[in-house]
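Asker: So here's start_9.pdb, just PDB, C-alpha atoms and all ligand atoms:
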ATOM      1  CA  MET N  74       9.615 -10.983 -14.772
ATOM      2  CA  GLU N  75       9.192  -9.622 -18.334
ATOM      3  CA  ASN N  76      12.545  -7.844 -18.329
ATOM      4  CA  THR N  77      15.176 -10.557 -18.712
ATOM      5  CA  ASN N  78      17.924  -8.452 -17.184
ATOM      6  CA  PRO N  79      16.283  -6.217 -14.555
ATOM      7  CA  LYS N  80      18.378  -3.581 -12.834
ATOM      8  CA  VAL N  81      18.115  -2.582  -9.216
ATOM      9  CA  TRP N  82      19.567   0.391  -7.394
ATOM     10  CA  LEU N  83      21.554  -0.655  -4.339
ATOM     11  CA  ASN N  84      23.360   1.903  -2.188
ATOM     12  CA  GLY N  85      23.798   4.345  -5.054
ATOM     13  CA  LYS N  86      24.759   1.842  -7.756
ATOM     14  CA  MET N  87      22.650   0.359 -10.538
ATOM     15  CA  LEU N  88      23.241  -3.405 -10.544
ATOM     16  CA  ASP N  89      21.915  -6.439 -12.361
ATOM     17  CA  TYR N  90      19.194  -8.022 -10.228
ATOM     18  CA  ALA N  91      21.234 -11.219  -9.954
ATOM     19  CA  ASP N  92      24.204  -9.295  -8.505
ATOM     20  CA  ALA N  93      22.211  -7.463  -5.807
ATOM     21  CA  LYS N  94      22.758  -9.948  -3.010
ATOM     22  CA  VAL N  95      22.584  -9.763   0.776
ATOM     23  CA  PRO N  96      24.275 -11.991   3.383
ATOM     24  CA  ILE N  97      22.044 -14.524   5.126
ATOM     25  CA  LEU N  98      22.746 -13.004   8.559
ATOM     26  CA  THR N  99      21.292  -9.664   7.451
ATOM     27  CA  HIS N 100      19.636  -8.135  10.539
ATOM     28  CA  SER N 101      16.435  -7.180   8.717
ATOM     29  CA  LEU N 102      16.066 -10.713   7.392
ATOM     30  CA  GLN N 103      16.357 -12.128  10.933
ATOM     31  CA  TYR N 104      14.233  -9.589  12.802
ATOM     32  CA  GLY N 105      11.926  -7.896  10.305
ATOM     33  CA  SER N 106      13.624  -4.541  10.856
ATOM     34  CA  GLY N 107      13.414  -3.358   7.249
ATOM     35  CA  ILE N 108      11.307  -0.414   6.173
ATOM     36  CA  PHE N 109       9.784   0.082   2.771
ATOM     37  CA  GLU N 110       7.396   1.721   0.362
ATOM     38  CA  GLY N 111       5.148   0.440  -2.398
ATOM     39  CA  ILE N 112       4.664   2.798  -5.312
ATOM     40  CA  ARG N 113       3.075   2.393  -8.719
ATOM     41  CA  ALA N 114       3.944   3.820 -12.099
ATOM     42  CA  TYR N 115       1.369   3.788 -14.881
ATOM     43  CA  LYS N 116       1.413   3.971 -18.631
ATOM     44  CA  THR N 117       0.086   7.304 -19.822
ATOM     45  CA  LYS N 118      -0.517   8.807 -23.268
ATOM     46  CA  LYS N 119       2.739  10.745 -22.932
ATOM     47  CA  GLY N 120       4.791   7.774 -21.708
ATOM     48  CA  ARG N 121       4.656   6.799 -18.063
ATOM     49  CA  ALA N 122       4.167   8.460 -14.722
ATOM     50  CA  ILE N 123       4.750   7.627 -11.072
ATOM     51  CA  PHE N 124       1.757   8.195  -8.791
ATOM     52  CA  ARG N 125       2.368  10.467  -5.783
ATOM     53  CA  LEU N 126       6.115   9.886  -5.735
ATOM     54  CA  LYS N 127       6.922  12.655  -3.245
ATOM     55  CA  ASP N 128       4.267  11.492  -0.777
ATOM     56  CA  HIS N 129       5.597   7.938  -0.824
ATOM     57  CA  VAL N 130       9.180   9.095  -0.348
ATOM     58  CA  LYS N 131       8.031  11.352   2.495
ATOM     59  CA  ARG N 132       6.395   8.373   4.249
ATOM     60  CA  PHE N 133       9.554   6.323   3.666
ATOM     61  CA  PHE N 134      11.598   8.976   5.492
ATOM     62  CA  GLU N 135       9.000   9.287   8.242
ATOM     63  CA  THR N 136       9.099   5.524   8.807
ATOM     64  CA  ALA N 137      12.902   5.718   8.974
ATOM     65  CA  LYS N 138      12.654   8.554  11.491
ATOM     66  CA  ILE N 139      10.273   6.595  13.723
ATOM     67  CA  TYR N 140      12.859   3.798  13.860
ATOM     68  CA  SER N 141      15.851   6.205  14.120
ATOM     69  CA  MET N 142      17.169   4.710  10.914
ATOM     70  CA  GLU N 143      19.713   6.911   9.130
ATOM     71  CA  LEU N 144      19.124   6.362   5.438
ATOM     72  CA  GLY N 145      22.168   8.343   4.334
ATOM     73  CA  TYR N 146      20.310   9.960   1.428
ATOM     74  CA  ARG N 147      18.124  13.019   0.986
ATOM     75  CA  PRO N 148      14.517  12.514  -0.167
ATOM     76  CA  GLU N 149      15.351  14.108  -3.541
ATOM     77  CA  GLU N 150      18.131  11.562  -4.066
ATOM     78  CA  ILE N 151      15.729   8.684  -3.424
ATOM     79  CA  GLU N 152      13.142  10.269  -5.745
ATOM     80  CA  SER N 153      15.746  10.529  -8.527
ATOM     81  CA  ALA N 154      16.890   6.960  -7.945
ATOM     82  CA  ILE N 155      13.288   5.710  -8.190
ATOM     83  CA  ILE N 156      12.809   7.568 -11.473
ATOM     84  CA  GLU N 157      16.083   6.110 -12.751
ATOM     85  CA  VAL N 158      15.046   2.535 -11.880
ATOM     86  CA  VAL N 159      11.751   2.902 -13.755
ATOM     87  CA  LYS N 160      13.531   4.442 -16.741
ATOM     88  CA  VAL N 161      16.427   2.018 -16.972
ATOM     89  CA  ASN N 162      14.103  -0.989 -16.784
ATOM     90  CA  LYS N 163      11.856   0.572 -19.458
ATOM     91  CA  LEU N 164       8.823  -0.292 -17.346
ATOM     92  CA  ASP N 165       5.388   1.187 -18.004
ATOM     93  CA  SER N 166       2.919  -0.130 -15.464
ATOM     94  CA  CYS N 167       4.999  -1.333 -12.565
ATOM     95  CA  TYR N 168       5.326  -1.651  -8.823
ATOM     96  CA  ILE N 169       8.313   0.060  -7.239
ATOM     97  CA  ARG N 170       9.798  -1.154  -3.979
ATOM     98  CA  PRO N 171      12.213   1.125  -2.102
ATOM     99  CA  PHE N 172      13.564  -0.804   0.876
ATOM    100  CA  ALA N 173      16.006   0.074   3.666
ATOM    101  CA  PHE N 174      17.564  -2.545   5.880
ATOM    102  CA  TYR N 175      20.220  -3.221   8.459
ATOM    103  CA  GLY N 176      23.147  -5.387   7.431
ATOM    104  CA  ASP N 177      25.024  -8.282   9.010
ATOM    105  CA  ASP N 178      27.913  -6.328  10.572
ATOM    106  CA  LYS N 179      27.201  -7.466  14.138
ATOM    107  CA  ILE N 180      24.972 -10.282  15.416
ATOM    108  CA  GLY N 181      22.317  -9.186  17.918
ATOM    109  CA  MET N 182      19.192  -7.097  17.930
ATOM    110  CA  SER N 183      20.592  -3.624  18.602
ATOM    111  CA  THR N 184      20.516  -1.345  15.580
ATOM    112  CA  SER N 185      22.765   1.361  17.001
ATOM    113  CA  ASN N 186      25.684   2.101  14.693
ATOM    114  CA  LYS N 187      24.490  -0.610  12.340
ATOM    115  CA  LYS N 188      25.032  -0.137   8.620
ATOM    116  CA  VAL N 189      21.878   0.753   6.664
ATOM    117  CA  SER N 190      21.509  -0.249   3.029
ATOM    118  CA  VAL N 191      18.868   0.991   0.621
ATOM    119  CA  PHE N 192      17.666  -0.700  -2.541
ATOM    120  CA  ILE N 193      15.060   0.224  -5.105
ATOM    121  CA  ALA N 194      13.573  -2.430  -7.355
ATOM    122  CA  ALA N 195      10.694  -2.270  -9.829
ATOM    123  CA  VAL N 196       8.682  -5.074 -11.381
ATOM    124  CA  PRO N 197       5.904  -5.182 -13.980
ATOM    125  CA  PHE N 198       2.602  -5.288 -12.137
ATOM    126  CA  GLY N 199      -1.038  -5.649 -13.063
ATOM    127  CA  ALA N 200      -4.170  -5.932 -10.929
ATOM    128  CA  TYR N 201      -3.323  -7.192  -7.412
ATOM    129  CA  PHE N 202      -6.676  -8.965  -7.102
ATOM    130  CA  GLY N 203      -6.849  -9.991 -10.762
ATOM    131  CA  SER N 204     -10.414  -9.966 -12.075
ATOM    132  CA  GLY N 205     -11.551  -8.888  -8.571
ATOM    133  CA  LEU N 206     -10.552  -5.345  -9.549
ATOM    134  CA  ASP N 207     -13.624  -5.196 -11.800
ATOM    135  CA  LYS N 208     -16.023  -7.728 -10.347
ATOM    136  CA  GLY N 209     -15.284  -7.388  -6.628
ATOM    137  CA  ILE N 210     -13.811  -9.682  -3.997
ATOM    138  CA  ARG N 211     -15.018 -11.708  -1.000
ATOM    139  CA  CYS N 212     -13.518 -10.914   2.381
ATOM    140  CA  LYS N 213     -13.384 -12.511   5.798
ATOM    141  CA  ILE N 214     -13.170 -10.638   9.057
ATOM    142  CA  SER N 215     -10.020 -12.009  10.593
ATOM    143  CA  SER N 216      -9.794 -13.706  13.957
ATOM    144  CA  TRP N 217      -6.484 -11.834  14.252
ATOM    145  CA  ARG N 218      -6.599  -8.210  15.415
ATOM    146  CA  ARG N 219      -4.583  -5.416  13.813
ATOM    147  CA  ILE N 220      -1.506  -4.566  15.838
ATOM    148  CA  ASN N 221      -1.986  -1.282  17.620
ATOM    149  CA  SER N 222       0.353   1.623  18.182
ATOM    150  CA  GLU N 223       0.926   0.682  21.815
ATOM    151  CA  ILE N 224       2.690  -2.382  20.482
ATOM    152  CA  LEU N 225       4.293  -1.187  17.250
ATOM    153  CA  PRO N 226       4.170   2.124  15.384
ATOM    154  CA  ILE N 227       1.322   1.397  13.012
ATOM    155  CA  ARG N 228       1.913   4.588  10.995
ATOM    156  CA  ALA N 229       5.314   3.200  10.003
ATOM    157  CA  LYS N 230       5.594   0.996   6.943
ATOM    158  CA  ALA N 231       7.965  -1.488   8.513
ATOM    159  CA  SER N 232       8.511  -5.113   7.498
ATOM    160  CA  GLY N 233       7.703  -6.497  10.954
ATOM    161  CA  ASN N 234       4.151  -5.116  10.817
ATOM    162  CA  TYR N 235       3.429  -7.349   7.869
ATOM    163  CA  ILE N 236       3.695 -10.607   9.822
ATOM    164  CA  ASN N 237       0.332  -9.545  11.272
ATOM    165  CA  SER N 238      -0.977  -8.930   7.746
ATOM    166  CA  ILE N 239       0.362 -12.237   6.446
ATOM    167  CA  ILE N 240      -1.264 -14.418   9.097
ATOM    168  CA  ALA N 241      -4.617 -12.674   8.597
ATOM    169  CA  GLY N 242      -4.334 -13.091   4.816
ATOM    170  CA  ASN N 243      -3.384 -16.761   5.152
ATOM    171  CA  GLU N 244      -6.379 -17.431   7.365
ATOM    172  CA  ALA N 245      -8.761 -15.763   4.892
ATOM    173  CA  HIS N 246      -7.277 -17.573   1.878
ATOM    174  CA  ALA N 247      -7.389 -20.960   3.645
ATOM    175  CA  ALA N 248     -11.086 -20.403   4.296
ATOM    176  CA  GLY N 249     -11.650 -19.691   0.582
ATOM    177  CA  PHE N 250     -11.864 -15.884   0.754
ATOM    178  CA  ASP N 251      -9.906 -13.404  -1.345
ATOM    179  CA  GLU N 252      -8.720 -11.168   1.486
ATOM    180  CA  ALA N 253      -8.949 -10.463   5.211
ATOM    181  CA  ILE N 254     -10.370  -7.468   7.032
ATOM    182  CA  LEU N 255      -8.733  -6.820  10.387
ATOM    183  CA  LEU N 256     -10.452  -5.252  13.368
ATOM    184  CA  SER N 257      -8.419  -3.099  15.723
ATOM    185  CA  CYS N 258      -7.673  -4.304  19.279
ATOM    186  CA  ASN N 259     -10.642  -2.224  20.477
ATOM    187  CA  GLY N 260     -12.970  -4.057  18.115
ATOM    188  CA  TYR N 261     -13.512  -1.433  15.424
ATOM    189  CA  VAL N 262     -12.825  -1.939  11.750
ATOM    190  CA  ALA N 263      -9.174  -1.180  10.948
ATOM    191  CA  GLU N 264      -7.995  -2.185   7.469
ATOM    192  CA  GLY N 265      -7.027  -4.986   5.144
ATOM    193  CA  PRO N 266      -3.603  -6.629   5.380
ATOM    194  CA  GLY N 267      -2.264  -4.147   2.824
ATOM    195  CA  GLU N 268      -5.219  -1.896   2.043
ATOM    196  CA  ASN N 269      -7.412   0.754   3.626
ATOM    197  CA  ILE N 270     -11.135   0.149   3.662
ATOM    198  CA  PHE N 271     -14.069   2.364   2.701
ATOM    199  CA  LEU N 272     -17.826   1.872   3.049
ATOM    200  CA  VAL N 273     -20.680   3.669   1.367
ATOM    201  CA  LYS N 274     -23.877   4.173   3.340
ATOM    202  CA  ASN N 275     -26.743   6.379   2.168
ATOM    203  CA  GLY N 276     -24.499   8.116  -0.349
ATOM    204  CA  ARG N 277     -21.818   8.936   2.244
ATOM    205  CA  LEU N 278     -18.304   7.544   2.333
ATOM    206  CA  LEU N 279     -17.066   6.133   5.661
ATOM    207  CA  THR N 280     -13.522   5.107   6.489
ATOM    208  CA  PRO N 281     -11.627   4.359   9.719
ATOM    209  CA  GLY N 282     -10.095   7.590  10.996
ATOM    210  CA  GLU N 283      -7.159   9.028  12.926
ATOM    211  CA  GLU N 284      -7.972   7.043  16.075
ATOM    212  CA  SER N 285      -7.976   3.739  14.201
ATOM    213  CA  ASP N 286      -4.939   1.516  13.962
ATOM    214  CA  ILE N 287      -4.323   1.949  10.275
ATOM    215  CA  LEU N 288      -1.555   2.879   7.930
ATOM    216  CA  PHE N 289      -2.457   6.253   6.489
ATOM    217  CA  GLY N 290      -2.614   5.221   2.888
ATOM    218  CA  ILE N 291      -1.755   7.640   0.140
ATOM    219  CA  THR N 292      -4.564   6.165  -1.954
ATOM    220  CA  ARG N 293      -6.879   6.780   1.025
ATOM    221  CA  TYR N 294      -5.935  10.466   1.154
ATOM    222  CA  SER N 295      -6.297  10.712  -2.622
ATOM    223  CA  LEU N 296      -9.777   9.197  -2.503
ATOM    224  CA  ILE N 297     -10.963  11.432   0.313
ATOM    225  CA  GLU N 298      -9.891  14.457  -1.712
ATOM    226  CA  MET N 299     -11.459  13.119  -4.913
ATOM    227  CA  ALA N 300     -14.729  12.276  -3.141
ATOM    228  CA  LYS N 301     -14.981  15.699  -1.498
ATOM    229  CA  ASN N 302     -14.324  17.367  -4.850
ATOM    230  CA  GLU N 303     -17.139  15.234  -6.312
ATOM    231  CA  GLY N 304     -19.503  16.491  -3.615
ATOM    232  CA  ILE N 305     -19.552  13.128  -1.801
ATOM    233  CA  GLU N 306     -19.643  13.530   1.984
ATOM    234  CA  VAL N 307     -16.818  11.690   3.769
ATOM    235  CA  ARG N 308     -16.786  10.641   7.438
ATOM    236  CA  GLU N 309     -13.549   9.454   8.998
ATOM    237  CA  GLY N 310     -14.133   7.690  12.292
ATOM    238  CA  SER N 311     -14.803   4.496  14.191
ATOM    239  CA  ILE N 312     -16.730   1.827  12.312
ATOM    240  CA  HIS N 313     -18.412  -1.119  14.036
ATOM    241  CA  LYS N 314     -18.028  -4.549  12.465
ATOM    242  CA  GLU N 315     -21.748  -4.857  11.751
ATOM    243  CA  GLU N 316     -21.675  -1.606   9.770
ATOM    244  CA  LEU N 317     -19.673  -3.579   7.214
ATOM    245  CA  TYR N 318     -22.502  -6.067   6.718
ATOM    246  CA  ILE N 319     -25.179  -3.408   6.229
ATOM    247  CA  ALA N 320     -23.126  -1.089   4.040
ATOM    248  CA  ASP N 321     -24.505  -0.276   0.594
ATOM    249  CA  GLU N 322     -21.031  -0.642  -0.906
ATOM    250  CA  ALA N 323     -17.506  -1.367   0.285
ATOM    251  CA  PHE N 324     -14.073  -1.255  -1.282
ATOM    252  CA  PHE N 325     -10.380  -1.490  -0.559
ATOM    253  CA  ALA N 326      -7.993   1.312  -1.462
ATOM    254  CA  GLY N 327      -4.244   0.996  -1.746
ATOM    255  CA  THR N 328      -1.327   1.273  -4.106
ATOM    256  CA  ALA N 329      -1.374  -2.453  -4.924
ATOM    257  CA  ALA N 330      -5.156  -2.986  -4.593
ATOM    258  CA  GLU N 331      -6.026   0.329  -6.310
ATOM    259  CA  ILE N 332      -9.814   0.603  -5.845
ATOM    260  CA  THR N 333     -11.039  -2.977  -5.420
ATOM    261  CA  PRO N 334     -14.760  -3.456  -4.748
ATOM    262  CA  ILE N 335     -15.732  -5.743  -1.857
ATOM    263  CA  THR N 336     -18.988  -7.477  -2.714
ATOM    264  CA  ASN N 337     -19.225  -9.998   0.119
ATOM    265  CA  ILE N 338     -17.992 -10.127   3.731
ATOM    266  CA  ASP N 339     -18.201 -13.340   5.796
ATOM    267  CA  GLY N 340     -20.673 -14.763   3.279
ATOM    268  CA  ILE N 341     -22.981 -11.728   3.526
ATOM    269  CA  SER N 342     -23.593  -9.779   0.312
ATOM    270  CA  ILE N 343     -22.684  -6.124   0.511
ATOM    271  CA  GLY N 344     -25.635  -4.157  -0.886
ATOM    272  CA  ASN N 345     -26.961  -6.251  -3.764
ATOM    273  CA  GLY N 346     -23.676  -8.134  -4.026
ATOM    274  CA  LYS N 347     -22.630  -6.209  -7.145
ATOM    275  CA  VAL N 348     -20.141  -3.381  -7.601
ATOM    276  CA  GLY N 349     -21.929  -0.256  -6.375
ATOM    277  CA  PRO N 350     -22.276   3.013  -8.309
ATOM    278  CA  ILE N 351     -20.129   5.192  -6.032
ATOM    279  CA  THR N 352     -17.348   2.583  -5.976
ATOM    280  CA  ALA N 353     -17.494   2.316  -9.769
ATOM    281  CA  ARG N 354     -17.451   6.096 -10.167
ATOM    282  CA  LEU N 355     -14.449   6.593  -7.867
ATOM    283  CA  ALA N 356     -12.584   3.620  -9.355
ATOM    284  CA  ASN N 357     -13.106   5.013 -12.815
ATOM    285  CA  GLU N 358     -11.940   8.464 -11.802
ATOM    286  CA  TYR N 359      -8.880   6.951 -10.090
ATOM    287  CA  ARG N 360      -7.989   5.053 -13.266
ATOM    288  CA  GLU N 361      -8.304   8.219 -15.317
ATOM    289  CA  ILE N 362      -6.105  10.129 -12.850
ATOM    290  CA  VAL N 363      -3.302   7.558 -12.695
ATOM    291  CA  SER N 364      -3.351   7.217 -16.480
ATOM    292  CA  GLY N 365      -2.841  10.950 -16.836
ATOM    293  CA  ASN N 366      -6.254  11.557 -18.439
ATOM    294  CA  ASN N 367      -7.576  13.802 -15.669
ATOM    295  CA  THR N 368      -5.559  17.001 -15.674
ATOM    296  CA  LYS N 369      -7.191  18.273 -12.484
ATOM    297  CA  TYR N 370      -4.884  15.991 -10.492
ATOM    298  CA  LYS N 371      -1.845  16.171 -12.736
ATOM    299  CA  ASN N 372       0.325  17.313  -9.821
ATOM    300  CA  TRP N 373      -0.082  13.764  -8.373
ATOM    301  CA  LEU N 374       1.913  12.376 -11.282
ATOM    302  CA  THR N 375       5.652  12.505 -11.943
ATOM    303  CA  GLU N 376       6.307  11.924 -15.607
ATOM    304  CA  VAL N 377       9.223   9.640 -16.253
TER     305      VAL N 377
HETATM  306  C1  LIG N 401      -1.331  -2.054   5.958
HETATM  307  C2  LIG N 401      -1.608  -1.158   4.814
HETATM  308  N1  LIG N 401      -2.664  -0.327   4.870
HETATM  309  C3  LIG N 401      -2.954   0.506   3.854
HETATM  310  C4  LIG N 401      -2.180   0.547   2.716
HETATM  311  C5  LIG N 401      -2.513   1.496   1.613
HETATM  312  O1  LIG N 401      -1.535   2.490   1.548
HETATM  313  P1  LIG N 401      -1.172   3.211   0.186
HETATM  314  O2  LIG N 401      -2.434   3.733  -0.361
HETATM  315  O3  LIG N 401      -0.237   4.302   0.593
HETATM  316  O4  LIG N 401      -0.543   2.197  -0.681
HETATM  317  C6  LIG N 401      -1.068  -0.298   2.610
HETATM  318  C7  LIG N 401      -0.216  -0.280   1.434
HETATM  319  O5  LIG N 401       0.841   0.285   1.468
HETATM  320  C8  LIG N 401      -0.772  -1.158   3.687
HETATM  321  O6  LIG N 401       0.280  -1.980   3.621
END
Any chance you could put this one into C-alpha cells?

Answerer:
Amino acid sequence: MENTNPKVWLNGKMLDYADAKVPILTHSLQYGSGIFEGIRAYKTKKGRAIFRLKDHVKRFFETAKIYSMELGYRPEEIESAIIEVVKVNKLDSCYIRPFAFYGDDKIGMSTSNKKVSVFIAAVPFGAYFGSGLDKGIRCKISSWRRINSEILPIRAKASGNYINSIIAGNEAHAAGFDEAILLSCNGYVAEGPGENIFLVKNGRLLTPGEESDILFGITRYSLIEMAKNEGIEVREGSIHKEELYIADEAFFAGTAAEITPITNIDGISIGNGKVGPITARLANEYREIVSGNNTKYKNWLTEV
C-alpha cells in the first residue's frame, strides 16, 4: 500500500487500518455472509472523481435487501463516507471496497437479530490484468458452471458467490490462462469470475442478457449506453459457447477489469488474435469518460 497510514471507515468512525479489527468468530468470515461493492475513483484534470457512485451504493443496498440485512445507514450516508475515505487517504486512482458483515455475537448460522457492521476501505489500484488491459488476455472456459439464481441470488454482490468465481479462476490460472469464462447451468455463456463479457460479431455487440446468470455490472450498463450512443447495435441475450470462438472481438467489462480485450479463448484466437477496432474504440471512450475528459457523461462522475 502506498499510503503508510491508511484510514478506513468502520461503523461511522474513521480508524487507522491497523486498528480496524474483527474477531475470528465473525459470522461473515465463517459463512461467507458478507455483502460488498467494488468502486473505482480516477484521477481527473480537476482532481479525482468516483465512477457511478450512486449506482454502486444502490446495488449495495439492493444486495442487503435481498439478504434482509439491515445496514443501519441511509444510502446518502454511505455515499458521503465513501467520499470521505477517498479524500482522507488522498487517493487518486483507487479501488473502494464498501463491505457489510455480521459479527460474532452468537455462534450459529442464523442472521436474525445479528449485529451488522459496515466498513469502507480504499486502496491504490492500477490495471487489474496488468499489460492485458492494452494487449488482451487469454481465457479458458471453465469446467465449473456459474451458480444460478435457483441456488443463490446471482444479482446480489455477496461474498459467498465468489467461492464459485475463485475456483473457476484458480482452474484457469493453473492451466496457464489469464482468466476464466463461466457458462451458466443451462450451458450458455454467463460471465467471468468478476467481469461481464461482450462479443463483437459483424459490427454488433452481443452480451448475455436478463435471462443469464450474471451480475448486472454497472460497467456493462455504461457500455451498452455508450455503444448505442455511438450507433453500435447491441443485442442482449443467450450466447452459445461456440459463438465465443467465432466472434470477431471479445472483451471483459467490469469495475476492476475496466475494458479488457480477450484475444484468445481455449487456445483459439478471437478474430485475428489482436485487439479489435470496436473494443479499442469503446475502451478508449471509457478511459476518457472515467478521466473526466468526456463531458457527455459527466453525470457518471462524482468529483471528490
Ligand atoms: C461476478 C461479477 N460480474 C460482473 C462484474 C462487473 O460489475 P461492475 O461493472 O458493476 O463492476 C463484477 C464486478 O463487480 C462481478 O463480480

Asker: Check which residues fall inside 6 Å of ligand LIG 401 (chain N) when counting only C-alpha atoms and all ligand atoms, and print them as a compact mmCIF listing (two decimals) with C-alpha atoms, in the coordinates of the input.

Answerer:
# COMPACT_ATOMS: atom_id res chain seq x y z
CA GLY N 111 5.15 0.44 -2.40
CA PRO N 266 -3.60 -6.63 5.38
CA GLY N 267 -2.26 -4.15 2.82
CA GLU N 268 -5.22 -1.90 2.04
CA ASN N 269 -7.41 0.75 3.63
CA LEU N 288 -1.56 2.88 7.93
CA GLY N 290 -2.61 5.22 2.89
CA ILE N 291 -1.76 7.64 0.14
CA THR N 292 -4.56 6.16 -1.95
CA ARG N 293 -6.88 6.78 1.02
CA GLY N 327 -4.24 1.00 -1.75
CA THR N 328 -1.33 1.27 -4.11

Asker: Which residues match the PyMOL selection byres (((chain N and resi 309-320) around 8) and not hetatm) in the file above, as a list in words?

Answerer: Leu256, Gly260, Tyr261, Val262, Leu272, Val273, Lys274, Leu279, Thr280, Pro281, Gly282, Glu283, Glu284, Ser285, Val307, Arg308, Asp321, Glu322, Ala323, Ile338, Ile341, Ser342, Ile343 and Gly344 of chain N

Asker: Could you give me, as a tab-separated table, every segment 168-235 of chain N residue with an atom at most 10 Å from segment 148-154 of chain N, plus its closest atom pair and distance in Å to one decimal, counting only C-alpha atoms, rows ordered by chain then number?

Answerer:
residue	atom	partner	partner_atom	distance
N:Pro171	CA	N:Ile151	CA	8.4
N:Val191	CA	N:Ile151	CA	9.2
N:Phe192	CA	N:Ala154	CA	9.4
N:Ile193	CA	N:Ala154	CA	7.5
N:Ala194	CA	N:Ala154	CA	10.0

Asker: Go ahead and save the picked residues with C-alpha atoms, as a tab-separated table (two decimals), in the frame of the given file.

Answerer:
chain	number	residue	atom	x	y	z
N	171	PRO	CA	12.21	1.12	-2.10
N	191	VAL	CA	18.87	0.99	0.62
N	192	PHE	CA	17.67	-0.70	-2.54
N	193	ILE	CA	15.06	0.22	-5.11
N	194	ALA	CA	13.57	-2.43	-7.36

Asker: Is there a way to get, as a PyMOL selection string, all residues within 6 Å of the point (-11.2, -12.5, 1.8) in file coordinates, counting all atoms listed in the file?

Answerer: chain N and resi 211-213+245+250-253

Asker: Identify, on the basis of all atoms listed in the file, every residue whose closest approach to Ile123 of chain N does not exceed 8 Å; exclude the query and any residue fewer than 4 positions from it along the same chain; express the result as a PDB file with C-alpha atoms, in the coordinates of the input.

Answerer:
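And here is the file that came out, part03.pdb:
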ATOM      1  CA  ILE N 112       4.664   2.798  -5.312  1.00  0.00           C
ATOM      2  CA  ARG N 113       3.075   2.393  -8.719  1.00  0.00           C
ATOM      3  CA  ALA N 114       3.944   3.820 -12.099  1.00  0.00           C
ATOM      4  CA  TYR N 115       1.369   3.788 -14.881  1.00  0.00           C
ATOM      5  CA  LEU N 374       1.913  12.376 -11.282  1.00  0.00           C
ATOM      6  CA  THR N 375       5.652  12.505 -11.943  1.00  0.00           C
ATOM      7  CA  GLU N 376       6.307  11.924 -15.607  1.00  0.00           C
ATOM      8  CA  VAL N 377       9.223   9.640 -16.253  1.00  0.00           C
TER       9      VAL N 377
END

Asker: Between atom CA of Lys187 of chain N and atom CA of Glu135 of chain N, what is the distance, to one decimal in Å?

Answerer: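 Calculated distance between atom CA of Lys187 of chain N and atom CA of Glu135 of chain N is 18.8 Å.
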
Asker: Report the distance between atom CA of Gly349 of chain N and atom CA of Ile287 of chain N in Å, rounded to one decimal place.

Answerer: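 Distance between the two atoms: 24.3 Å.
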
Asker: Identify which of the residues N:Glu157, N:Arg360, N:Asn302, N:Thr77 lies closest to Ala91 of chain N, counting all atoms listed in the file when measuring atom-to-atom distances.

Answerer: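 Smallest separation from Ala91 of chain N among the options: N:Thr77.
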
Asker: To test your reading of the syntax: which residues would the PyMOL selection byres (((chain N and resi 184) around 12) and not hetatm) return for the file shown? Reply as a ChimeraX atom specification.

Answerer: /N:99-101,104,106-107,140-143,174-183,185-189

Asker: If I take atom CA of Tyr146 of chain N and atom CA of Gly85 of chain N, how far is one from the other in Å, to one decimal?

Answerer: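 Calculated distance between atom CA of Tyr146 of chain N and atom CA of Gly85 of chain N is 9.3 Å.
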
Asker: With the file shown as input, list the residues that the PyMOL selection byres (((chain N and resi 270) around 6) and not hetatm) selects, as a PyMOL selection string.

Answerer: chain N and resi 264+269+271+324-325

Asker: How about saving the chosen residues, C-alpha atoms kept, as a PDB file, in the frame of the given file?

Answerer:
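Wrote selection20.pdb, looks like this:
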ATOM      1  CA  GLU N 264      -7.995  -2.185   7.469  1.00  0.00           C
ATOM      2  CA  ASN N 269      -7.412   0.754   3.626  1.00  0.00           C
ATOM      3  CA  PHE N 271     -14.069   2.364   2.701  1.00  0.00           C
ATOM      4  CA  PHE N 324     -14.073  -1.255  -1.282  1.00  0.00           C
ATOM      5  CA  PHE N 325     -10.380  -1.490  -0.559  1.00  0.00           C
TER       6      PHE N 325
END
